[in-house]
>>> print(open('target-v1.cif').read())   # mmCIF, C-alpha atoms
data_model
#
loop_
_atom_site.label_atom_id
_atom_site.label_comp_id
_atom_site.auth_asym_id
_atom_site.auth_seq_id
_atom_site.Cartn_x
_atom_site.Cartn_y
_atom_site.Cartn_z
CA SER P 1 -26.81 10.05 -3.53
CA ILE P 2 -25.43 12.20 -0.70
CA PHE P 3 -21.92 10.97 -1.42
CA SER P 4 -22.05 11.87 -5.13
CA SER P 5 -23.53 15.28 -4.25
CA ARG P 6 -20.68 15.99 -1.84
CA GLN P 7 -18.16 14.84 -4.45
CA LEU P 8 -19.76 17.14 -7.03
CA THR P 9 -19.62 20.02 -4.56
CA VAL P 10 -15.91 19.44 -3.99
CA GLN P 11 -15.25 19.47 -7.74
CA MET P 12 -17.28 22.67 -8.16
CA MET P 13 -15.37 24.37 -5.38
CA GLN P 14 -12.14 23.59 -7.23
CA ASN P 15 -13.37 25.40 -10.35
CA PRO P 16 -12.04 29.00 -10.28
CA GLN P 17 -14.80 30.26 -12.64
CA ILE P 18 -17.55 28.93 -10.39
CA LEU P 19 -15.86 30.38 -7.31
CA ALA P 20 -15.52 33.79 -8.99
CA ALA P 21 -19.18 33.80 -9.99
CA LEU P 22 -20.22 32.79 -6.47
CA GLN P 23 -18.06 35.50 -4.92
CA GLU P 24 -19.56 38.10 -7.27
CA ARG P 25 -23.04 37.01 -6.29
CA LEU P 26 -22.20 37.17 -2.57
CA ASP P 27 -20.64 40.62 -2.97
CA GLY P 28 -23.85 41.80 -4.57
CA LEU P 29 -25.89 40.50 -1.64
CA ASN P 30 -23.62 41.89 1.05
CA GLY P 31 -25.31 44.76 2.81
CA SER P 32 -28.07 45.06 0.24
CA PRO P 33 -31.44 45.97 1.75
CA SER P 34 -34.39 43.69 1.15
CA GLY P 35 -36.50 46.59 -0.15
CA TYR P 36 -39.07 46.07 2.58
CA MET P 37 -38.05 49.16 4.56
CA GLU P 38 -38.25 51.35 1.45
CA SER P 39 -41.77 50.09 0.80
CA LEU P 40 -43.06 51.11 4.21
CA PRO P 41 -45.31 54.19 4.53
CA LYS P 42 -43.59 57.31 5.81
CA VAL P 43 -45.54 57.25 9.07
CA VAL P 44 -44.31 53.68 9.80
CA LYS P 45 -40.70 54.61 8.99
CA ARG P 46 -41.03 57.42 11.49
CA ARG P 47 -42.03 54.95 14.21
CA VAL P 48 -39.13 52.65 13.26
CA ASN P 49 -36.79 55.59 13.86
CA ALA P 50 -38.31 55.89 17.34
CA LEU P 51 -37.45 52.22 17.94
CA LYS P 52 -33.88 52.87 16.83
CA ASN P 53 -33.57 55.68 19.35
CA LEU P 54 -34.78 53.28 22.03
CA GLN P 55 -32.14 50.79 20.88
CA VAL P 56 -29.41 53.40 21.32
CA LYS P 57 -30.58 53.96 24.90
CA CYS P 58 -30.47 50.18 25.45
CA ALA P 59 -26.84 50.15 24.26
CA HIS P 60 -25.92 52.81 26.83
CA ILE P 61 -27.63 50.82 29.61
CA GLU P 62 -25.76 47.69 28.49
CA ALA P 63 -22.49 49.65 28.70
CA LYS P 64 -23.32 50.57 32.30
CA PHE P 65 -24.04 46.90 33.02
CA TYR P 66 -20.53 45.91 31.95
CA GLU P 67 -19.03 48.71 34.03
CA GLU P 68 -20.82 47.36 37.11
CA VAL P 69 -19.68 43.83 36.27
CA HIS P 70 -16.11 45.14 36.32
CA GLU P 71 -16.71 46.78 39.70
CA LEU P 72 -18.13 43.51 41.04
CA GLU P 73 -15.06 41.63 39.85
CA ARG P 74 -12.83 44.20 41.53
CA LYS P 75 -14.75 43.83 44.81
CA TYR P 76 -14.45 40.04 44.91
CA ALA P 77 -10.83 40.10 43.78
CA ALA P 78 -10.05 41.73 47.13
CA LEU P 79 -11.77 38.82 48.93
CA TYR P 80 -9.84 36.19 46.98
CA GLN P 81 -6.45 37.86 47.38
CA PRO P 82 -5.63 36.71 50.96
CA LEU P 83 -6.12 33.10 49.82
CA PHE P 84 -3.93 33.65 46.77
CA ASP P 85 -1.28 35.28 48.97
CA LYS P 86 -1.23 32.21 51.21
CA ARG P 87 -0.94 29.99 48.16
CA SER P 88 2.06 32.04 47.06
CA ASP P 89 3.67 31.72 50.51
CA ILE P 90 3.32 27.93 50.39
CA VAL P 91 4.72 27.73 46.85
CA LYS P 92 7.81 29.81 47.65
CA ALA P 93 8.34 28.20 51.09
CA ALA P 94 7.53 31.33 53.09
CA TYR P 95 4.87 29.35 54.98
CA GLU P 96 4.69 25.66 55.90
CA PRO P 97 1.07 24.44 56.04
CA THR P 98 -0.08 22.55 59.13
CA ASP P 99 -1.00 18.86 59.12
CA GLU P 100 -4.66 19.86 59.31
CA GLU P 101 -4.30 22.12 56.26
CA CYS P 102 -2.61 19.32 54.33
CA GLU P 103 -5.36 16.75 54.90
CA TRP P 104 -7.28 15.97 51.71
CA LYS P 105 -10.04 13.42 51.35
CA ALA P 106 -9.96 11.69 47.97
CA ASP P 107 -13.10 11.09 45.94
CA GLU P 108 -14.97 7.87 46.83
CA GLU P 109 -14.10 6.26 43.52
CA GLU P 110 -10.43 6.97 44.17
CA GLU P 111 -10.40 5.58 47.73
CA LEU P 112 -8.42 2.40 48.25
CA THR P 113 -8.80 -0.43 50.72
CA VAL P 114 -7.15 -0.01 54.12
CA SER P 115 -4.55 -2.68 53.38
CA LYS P 116 -3.70 -1.12 50.04
CA GLN P 117 -3.36 2.28 51.66
CA ASP P 118 -1.04 0.90 54.32
CA GLU P 119 1.05 -0.79 51.66
CA MET P 120 1.36 2.42 49.64
CA LYS P 121 2.16 4.48 52.75
CA GLU P 122 4.98 2.10 53.68
CA LYS P 123 6.33 2.20 50.14
CA ALA P 124 6.14 6.00 50.06
CA LYS P 125 7.90 6.19 53.44
CA LEU P 126 10.79 4.07 52.18
CA GLU P 127 11.07 6.17 49.02
CA GLU P 128 11.08 9.38 51.06
CA GLU P 129 13.78 8.05 53.36
CA LYS P 130 15.85 7.13 50.33
CA LYS P 131 15.40 10.61 48.86
CA ASP P 132 16.29 12.20 52.18
CA GLU P 133 19.58 10.36 52.12
CA GLU P 134 20.30 11.60 48.60
CA LYS P 135 19.36 15.27 49.00
CA GLU P 136 17.71 17.78 51.25
CA ASP P 137 13.95 18.27 51.32
CA PRO P 138 12.75 20.57 48.54
CA LYS P 139 11.50 23.95 49.63
CA GLY P 140 7.90 24.92 48.91
CA ILE P 141 6.60 23.54 45.60
CA PRO P 142 9.44 23.69 43.04
CA GLU P 143 8.65 24.82 39.49
CA PHE P 144 4.98 25.33 40.37
CA TRP P 145 4.14 27.97 37.77
CA LEU P 146 6.40 26.47 35.11
CA THR P 147 4.51 23.18 35.51
CA VAL P 148 1.20 25.02 35.21
CA PHE P 149 2.34 26.65 31.97
CA LYS P 150 3.63 23.38 30.52
CA ASN P 151 0.33 21.63 31.34
CA VAL P 152 -1.75 24.10 29.29
CA ASP P 153 -1.28 24.04 25.52
CA LEU P 154 -2.28 27.67 25.06
CA LEU P 155 0.68 28.65 27.27
CA SER P 156 3.11 25.82 26.53
CA ASP P 157 2.95 26.73 22.83
CA MET P 158 4.52 30.06 23.80
CA LEU P 159 7.33 28.46 25.81
CA GLN P 160 10.75 27.81 24.36
CA GLU P 161 13.41 25.63 25.94
CA HIS P 162 15.44 28.72 26.85
CA ASP P 163 12.42 30.19 28.72
CA GLU P 164 12.14 27.33 31.21
CA PRO P 165 15.18 28.12 33.41
CA ILE P 166 13.79 31.66 33.83
CA LEU P 167 10.23 30.58 34.63
CA LYS P 168 11.56 28.33 37.39
CA HIS P 169 12.04 31.61 39.27
CA LEU P 170 8.40 32.70 38.83
CA GLN P 171 6.84 32.78 42.30
CA ASP P 172 3.38 34.24 41.73
CA ILE P 173 0.95 35.76 39.22
CA LYS P 174 -1.48 38.39 40.46
CA VAL P 175 -4.41 40.21 38.82
CA LYS P 176 -4.96 43.87 39.64
CA PHE P 177 -8.13 45.68 38.52
CA SER P 178 -8.34 49.40 37.83
CA ASP P 179 -9.34 51.62 40.76
CA PRO P 180 -12.93 52.90 41.11
CA GLY P 181 -13.59 55.82 38.81
CA GLN P 182 -10.63 54.97 36.58
CA PRO P 183 -10.90 53.68 32.99
CA MET P 184 -11.68 49.98 32.81
CA SER P 185 -8.53 47.83 32.81
CA PHE P 186 -6.73 44.96 34.49
CA THR P 187 -3.04 44.20 35.00
CA LEU P 188 -1.25 40.86 35.21
CA GLU P 189 1.72 40.93 37.58
CA PHE P 190 4.39 38.21 37.27
CA HIS P 191 6.47 38.10 40.46
CA PHE P 192 9.98 36.64 40.22
CA GLU P 193 12.58 35.82 42.84
CA ALA P 194 16.11 37.19 42.35
CA ASN P 195 17.72 35.53 39.32
CA ASP P 196 20.62 35.81 36.88
CA PHE P 197 18.47 36.72 33.87
CA PHE P 198 16.99 40.16 34.67
CA THR P 199 16.87 42.61 37.54
CA ASN P 200 13.08 43.12 37.56
CA THR P 201 11.21 41.57 40.47
CA VAL P 202 7.82 42.13 38.78
CA LEU P 203 6.88 42.03 35.08
CA THR P 204 3.52 43.55 34.14
CA LYS P 205 1.00 43.43 31.30
CA THR P 206 -1.96 45.85 31.32
CA TYR P 207 -5.13 45.56 29.22
CA LYS P 208 -7.19 48.75 28.79
CA MET P 209 -10.82 48.62 27.72
CA ARG P 210 -13.70 50.93 26.88
CA SER P 211 -17.35 50.24 27.59
CA GLU P 212 -19.39 52.76 25.65
CA PRO P 213 -21.18 52.70 22.30
CA ASP P 214 -19.54 54.41 19.34
CA GLU P 215 -21.46 57.63 18.64
CA THR P 216 -21.09 57.13 14.90
CA ASP P 217 -22.24 53.49 15.01
CA PRO P 218 -24.06 52.77 18.31
CA PHE P 219 -25.73 49.61 17.02
CA SER P 220 -22.35 47.88 16.68
CA PHE P 221 -21.89 47.86 20.48
CA ASP P 222 -21.51 44.28 21.65
CA GLY P 223 -19.79 44.76 25.00
CA PRO P 224 -16.57 46.51 26.03
CA GLU P 225 -13.79 46.81 23.49
CA ILE P 226 -10.12 46.31 24.13
CA MET P 227 -8.36 49.52 23.22
CA CYS P 228 -4.74 48.62 23.86
CA CYS P 229 -2.41 46.54 25.98
CA THR P 230 0.94 47.64 27.35
CA GLY P 231 3.82 45.56 28.59
CA CYS P 232 6.96 46.56 30.44
CA THR P 233 10.68 46.92 29.86
CA ILE P 234 12.64 43.87 30.97
CA GLU P 235 16.03 44.83 32.37
CA TRP P 236 17.99 41.91 30.99
CA THR P 237 21.38 40.94 32.36
CA LYS P 238 24.04 41.26 29.66
CA GLY P 239 24.00 38.20 27.41
CA LYS P 240 20.81 36.77 28.96
CA ASN P 241 18.13 38.34 26.73
CA VAL P 242 16.25 35.32 25.33
CA THR P 243 14.02 37.50 23.10
CA LEU P 244 17.01 38.23 20.85
CA LYS P 245 19.50 35.98 19.14
CA THR P 246 22.72 36.59 17.25
CA ILE P 247 23.18 35.16 13.78
CA LYS P 248 26.17 35.24 11.44
CA LYS P 249 25.87 35.79 7.71
CA LYS P 250 28.50 35.63 5.01
CA GLN P 251 28.55 38.50 2.50
CA LYS P 252 30.47 38.51 -0.77
CA HIS P 253 31.81 41.80 -2.11
CA LYS P 254 30.48 42.39 -5.64
CA GLY P 255 33.66 43.99 -6.96
CA ARG P 256 36.58 42.35 -5.15
CA GLY P 257 34.91 38.99 -4.54
CA THR P 258 36.06 38.87 -0.95
CA VAL P 259 33.86 37.28 1.70
CA ARG P 260 33.18 38.71 5.13
CA THR P 261 31.14 37.49 8.09
CA VAL P 262 28.52 39.86 9.47
CA THR P 263 26.94 39.44 12.90
CA LYS P 264 23.32 40.52 13.29
CA THR P 265 20.92 40.58 16.25
CA VAL P 266 17.40 39.45 15.34
CA PRO P 267 14.18 38.72 17.31
CA ASN P 268 13.93 35.29 18.89
CA ASP P 269 10.84 33.24 19.81
CA SER P 270 10.22 33.45 23.54
CA PHE P 271 7.42 33.57 26.09
CA PHE P 272 8.86 36.88 27.26
CA ASN P 273 7.77 38.54 24.00
CA PHE P 274 4.39 38.52 25.78
CA PHE P 275 5.60 41.65 27.58
CA THR P 276 6.15 43.49 24.27
CA PRO P 277 2.60 43.41 22.85
CA PRO P 278 1.02 45.24 19.91
CA GLU P 279 0.64 48.89 20.91
CA GLY P 280 -3.01 49.18 19.94
CA LYS P 281 -5.54 48.47 17.25
CA ASP P 282 -5.35 50.33 13.97
CA ASP P 283 -8.75 51.14 12.50
CA GLY P 284 -9.37 48.94 9.50
CA ASP P 285 -6.25 46.82 10.05
CA GLU P 286 -7.64 43.32 10.41
CA ASP P 287 -4.22 41.73 10.98
CA SER P 288 -3.49 44.12 13.83
CA GLU P 289 -6.88 43.45 15.39
CA ALA P 290 -6.40 39.68 15.07
CA VAL P 291 -2.99 39.80 16.78
CA LEU P 292 -4.36 42.03 19.51
CA ALA P 293 -7.37 39.74 20.02
CA ALA P 294 -5.16 36.64 20.28
CA ASP P 295 -2.88 38.46 22.74
CA PHE P 296 -5.90 39.46 24.81
CA GLU P 297 -7.27 35.92 24.74
CA ILE P 298 -4.07 34.68 26.38
CA GLY P 299 -4.16 37.44 29.01
CA HIS P 300 -7.82 36.76 29.65
CA PHE P 301 -7.18 33.03 30.06
CA ILE P 302 -4.44 33.69 32.62
CA ARG P 303 -6.72 36.09 34.49
CA GLU P 304 -9.92 34.05 34.41
CA ARG P 305 -8.63 30.47 34.64
CA ILE P 306 -4.96 30.15 35.52
CA VAL P 307 -4.72 32.55 38.48
CA PRO P 308 -7.94 31.44 40.25
CA ARG P 309 -7.36 27.69 39.68
CA ALA P 310 -3.57 27.37 39.52
CA VAL P 311 -3.26 24.26 41.70
CA LEU P 312 -5.77 22.38 39.52
CA TYR P 313 -3.74 23.17 36.40
CA PHE P 314 -0.62 22.10 38.30
CA THR P 315 -2.16 18.70 39.06
CA GLY P 316 -3.91 18.45 35.68
CA GLU P 317 -7.41 18.23 37.15
CA ALA P 318 -8.57 21.52 35.60
CA ILE P 319 -7.38 20.36 32.19
CA GLU P 320 -9.53 17.23 32.48
CA ASP P 321 -12.52 19.39 33.45
CA ASP P 322 -11.93 21.67 30.47
CA ASP P 323 -11.72 18.67 28.15
CA ASP P 324 -15.03 17.37 29.54
CA ASP P 325 -16.64 20.67 28.54
CA TYR P 326 -15.65 19.98 24.93
CA ASP P 327 -16.66 16.32 24.66
CA GLU P 328 -19.77 16.89 22.56
CA GLU P 329 -18.10 19.50 20.39
CA GLY P 330 -15.09 17.25 19.94
CA GLU P 331 -17.28 14.41 18.70
CA GLU P 332 -18.83 16.71 16.15
CA ALA P 333 -15.40 17.84 15.05
CA ASP P 334 -14.31 14.20 14.63
CA ASP P 335 -17.35 13.52 12.45
CA GLU P 336 -16.61 16.56 10.32
CA GLU P 337 -13.00 15.53 9.96
CA GLY P 338 -14.09 12.07 8.89
CA GLU P 339 -16.23 13.61 6.16
CA GLU P 340 -13.32 15.79 5.04
CA GLU P 341 -11.06 12.74 4.87
CA ALA P 342 -13.62 10.97 2.68
CA ASP P 343 -13.63 13.93 0.32
CA GLU P 344 -9.84 14.02 0.23
CA GLU P 345 -9.56 10.33 -0.58
CA ASN P 346 -11.79 10.84 -3.62
CA ASP P 347 -9.96 13.97 -4.74
CA PRO P 348 -7.53 13.09 -7.56
CA ASP P 349 -5.35 16.08 -6.63
CA TYR P 350 -5.17 15.16 -2.95
CA ASP P 351 -1.65 14.66 -1.65
CA PRO P 352 -1.46 13.33 1.94
CA LYS P 353 2.07 14.70 2.30
CA VAL P 354 0.83 18.26 2.13
CA ARG P 355 -2.31 17.87 4.19
CA SER P 356 -2.71 20.69 6.71
CA HIS P 357 -3.19 19.80 10.37
CA THR P 358 -6.50 21.33 11.36
CA ARG P 359 -7.23 19.60 14.66
CA THR P 360 -6.59 21.70 17.71
CA HIS P 361 -6.50 21.05 21.45
CA THR P 362 -8.76 22.77 23.93
CA HIS P 363 -6.05 25.23 24.93
CA THR P 364 -4.29 25.90 21.64
CA ALA P 365 -3.98 29.50 20.48
CA PRO P 366 -7.37 30.84 19.40
CA PRO P 367 -8.21 31.89 15.86
CA PRO P 368 -8.48 35.60 15.06
CA LEU P 369 -11.56 37.00 16.80
CA LYS P 370 -13.57 40.17 16.56
CA ILE P 371 -12.32 42.15 19.52
CA SER P 372 -15.67 43.23 20.88
CA GLY P 373 -16.84 39.62 20.76
CA VAL P 374 -13.84 38.46 22.76
CA LEU P 375 -14.44 41.13 25.34
CA ARG P 376 -18.07 40.20 25.71
CA LYS P 377 -16.92 36.77 26.85
CA THR P 378 -14.15 38.33 28.90
CA LEU P 379 -16.31 40.36 31.24
CA LEU P 380 -18.69 37.53 32.01
CA SER P 381 -16.63 35.50 34.45
CA CYS P 382 -17.44 31.90 35.29
CA SER P 383 -19.49 32.81 38.36
CA GLN P 384 -21.47 35.44 36.46
CA LEU P 385 -22.20 33.02 33.63
CA CYS P 386 -23.55 30.52 36.17
CA TRP P 387 -25.74 33.26 37.59
CA LEU P 388 -27.09 34.16 34.15
CA ARG P 389 -27.77 30.51 33.34
CA MET P 390 -29.80 30.19 36.54
CA LEU P 391 -31.91 33.17 35.49
CA PHE P 392 -32.25 32.04 31.87
CA PRO P 393 -31.97 28.22 31.86
CA LYS P 394 -33.48 27.88 28.39
CA VAL P 395 -31.00 30.18 26.73
CA LYS P 396 -28.12 28.29 25.14
CA PRO P 397 -24.66 29.88 24.58
CA LEU P 398 -23.78 30.74 21.01
#
>>> encode(input="target-v1.cif", output="C-alpha cells")
Amino acid sequence: SIFSSRQLTVQMMQNPQILAALQERLDGLNGSPSGYMESLPKVVKRRVNALKNLQVKCAHIEAKFYEEVHELERKYAALYQPLFDKRSDIVKAAYEPTDEECEWKADEEEELTVSKQDEMKEKAKLEEEKKDEEKEDPKGIPEFWLTVFKNVDLLSDMLQEHDEPILKHLQDIKVKFSDPGQPMSFTLEFHFEANDFFTNTVLTKTYKMRSEPDETDPFSFDGPEIMCCTGCTIEWTKGKNVTLKTIKKKQKHKGRGTVRTVTKTVPNDSFFNFFTPPEGKDDGDEDSEAVLAADFEIGHFIRERIVPRAVLYFTGEAIEDDDDDYDEEGEEADDEEGEEEADEENDPDYDPKVRSHTRTHTHTAPPPLKISGVLRKTLLSCSQLCWLRMLFPKVKPL
C-alpha cells in the first residue's frame, strides 16, 4: 500500500549506509554529460556553438531590459512621491486633511443600516467627548510606522522591545533610485523626528546591483545581481545604543583563587542592526550569500510593498490580501504537514518534545536564496508583473 511504501521510505532514509550510497550516486550524476553532445558530428557541434553565441547576445539584451525596467521605476517614483509626501505630512501632523479628503465609502458588504450607523455615530461621539475630557487630541497618526512594522511578521521578527520607543519617532520611509547613467541601486531613507536616542535625522540603507552577464559564465545570467549593500553610522546618544549590551562575568584567578567581575560590551539583537549589513558577497561563501540575500529580501519588501502601501499595512488590509494570495499554497502545505505528522507518529524514534517548527507565516524571514534569483523577482514590480501576465496569460509563475 501507499502507507507501507511511505513508511519503508522513512526507514530507508534513516539508514546511514543507504543515504551514503544515494549521495555517492547523486554526486556521480551531478554535472555529468549525457554523452549525446559527444556523439554529434563535428559539423552539428559547430552549429550548436553558433546557437550558444546567439544565447550570449540574448543575455546582453536581457541585461538591457532590466536596466530599462530600473529607469521606468525611477520615472514613476517621481510621480508617486508628491502623494507619499502628503501622506507623511498627515502622519506627522504637518497637514490636516479636509473633510472631503477624509470621506471614505465602505464596501457594500461592510455597509450598515441607517439606524445602526446613527447608533454607532452617537456612541463614537460620546466616546470622543470622554477622551477629549481626559486628554488633548492626538496629533497626526501616532505610531504609524511602528504599527506597520508590528503588523508584518517579516519586520516584527526583527523588532525588540527596546526598539519600539525609538520607532515611535519614525516619521517616514522614502525610496530613492540611482540617477540616470549611474550604477543601478536604490536607497531606503528612514526619517526620524528629534529624539533622545540618536542625533541622526535620516538613517539610510543602499543596495547596489549589477545587470550584465559574467564574461566567464554568460549563461548563468538570470537577471541583475546584488553586489553589496551599505548602511550608515548611527550617532547614538551616550547610553542609548540598543545594538550593544553590557554583561558582567565572574573570572577566577588560576593561581590565587580570587574572583573578579569583568564587564564586557557585546552585540545585542535590535532592528537597528539593519543599518550595519554584510559588506558584500564573498565568492564561494554560501553563508555570506544567504545572509546578504535575506537582508536584500527585507529591503526589497520595504521598497516594493511597505512604502507604496503603508496605510493598508497599518490597517491590516494588505496583510489579508497577501494571505489570500497564499490560500492555495497554504492548503498544500497543510496537506504535506499532515503527511509528515503521519510519518512521525509511526516512527519509533519520534519524540514530539523535540519536533522542529516548520510552519511559517506569509511574512516570516525568507529562506536562503540564490541572489540572482531574488533580484530577478526584485526588478519586476507588481505593476510590471501584471503587464507581463496580460501579454502572456498562459505562462504560470514558477
>>> atom_distance(input="target-v1.cif", atom1="CA of Ala78 (chain P)", atom2="CA of Ile306 (chain P)")
17.2 Å
>>> resolve_selection(input="target-v1.cif", expression="the PyMOL selection byres ((chain P and resi 168) around 9)", output="count of residues only")
15
>>> resolve_selection(input="target-v1.cif", expression="the PyMOL selection byres ((chain P and resi 224) around 6)", output="ChimeraX atom specification")
/P:210-211,223,225,375
>>> resolve_selection(input="target-v1.cif", expression="the PyMOL selection byres ((chain P and resi 84) around 10)", output="ChimeraX atom specification")
/P:77,79-83,85-90,172-174,307-310
>>> residues_around(input="target-v1.cif", residues="Lys250 (chain P)", least_positions_apart="2", cutoff="9 Å", atoms="only C-alpha atoms", output="list of chain:residue names")
P:Lys248, P:Lys252, P:Val259, P:Arg260, P:Thr261, P:Val262, P:Thr263
>>> closest_atom_pairs(input="target-v1.cif", of="region 151-267 of chain P", to="region 50-69 of chain P", cutoff="10 Å", atoms="only C-alpha atoms", output="CSV")
residue,atom,partner,partner_atom,distance
P:Pro183,CA,P:Glu67,CA,9.6
P:Met184,CA,P:Glu67,CA,7.6
P:Arg210,CA,P:Ala63,CA,9.1
P:Ser211,CA,P:Ala63,CA,5.3
P:Glu212,CA,P:Ala63,CA,5.3
P:Pro213,CA,P:Ala59,CA,6.5
P:Asp214,CA,P:Ala59,CA,9.8
P:Glu215,CA,P:Val56,CA,9.4
P:Asp217,CA,P:Val56,CA,9.6
P:Pro218,CA,P:Val56,CA,6.2
P:Phe219,CA,P:Val56,CA,6.8
P:Ser220,CA,P:Ala59,CA,9.1
P:Phe221,CA,P:Ala59,CA,6.6
P:Asp222,CA,P:Ala59,CA,8.3
P:Gly223,CA,P:Ala63,CA,6.7
P:Pro224,CA,P:Tyr66,CA,7.1
>>> atom_distance(input="target-v1.cif", atom1="CA of Glu161 (chain P)", atom2="CA of Pro267 (chain P)")
15.7 Å
>>> atom_distance(input="target-v1.cif", atom1="CA of Ser288 (chain P)", atom2="CA of Leu155 (chain P)")
20.9 Å
>>> closest_residue(input="target-v1.cif", among="P:Ala290, P:Asn273, P:Lys105, P:Ile247", to="Thr233 (chain P)", atoms="only C-alpha atoms")
P:Asn273
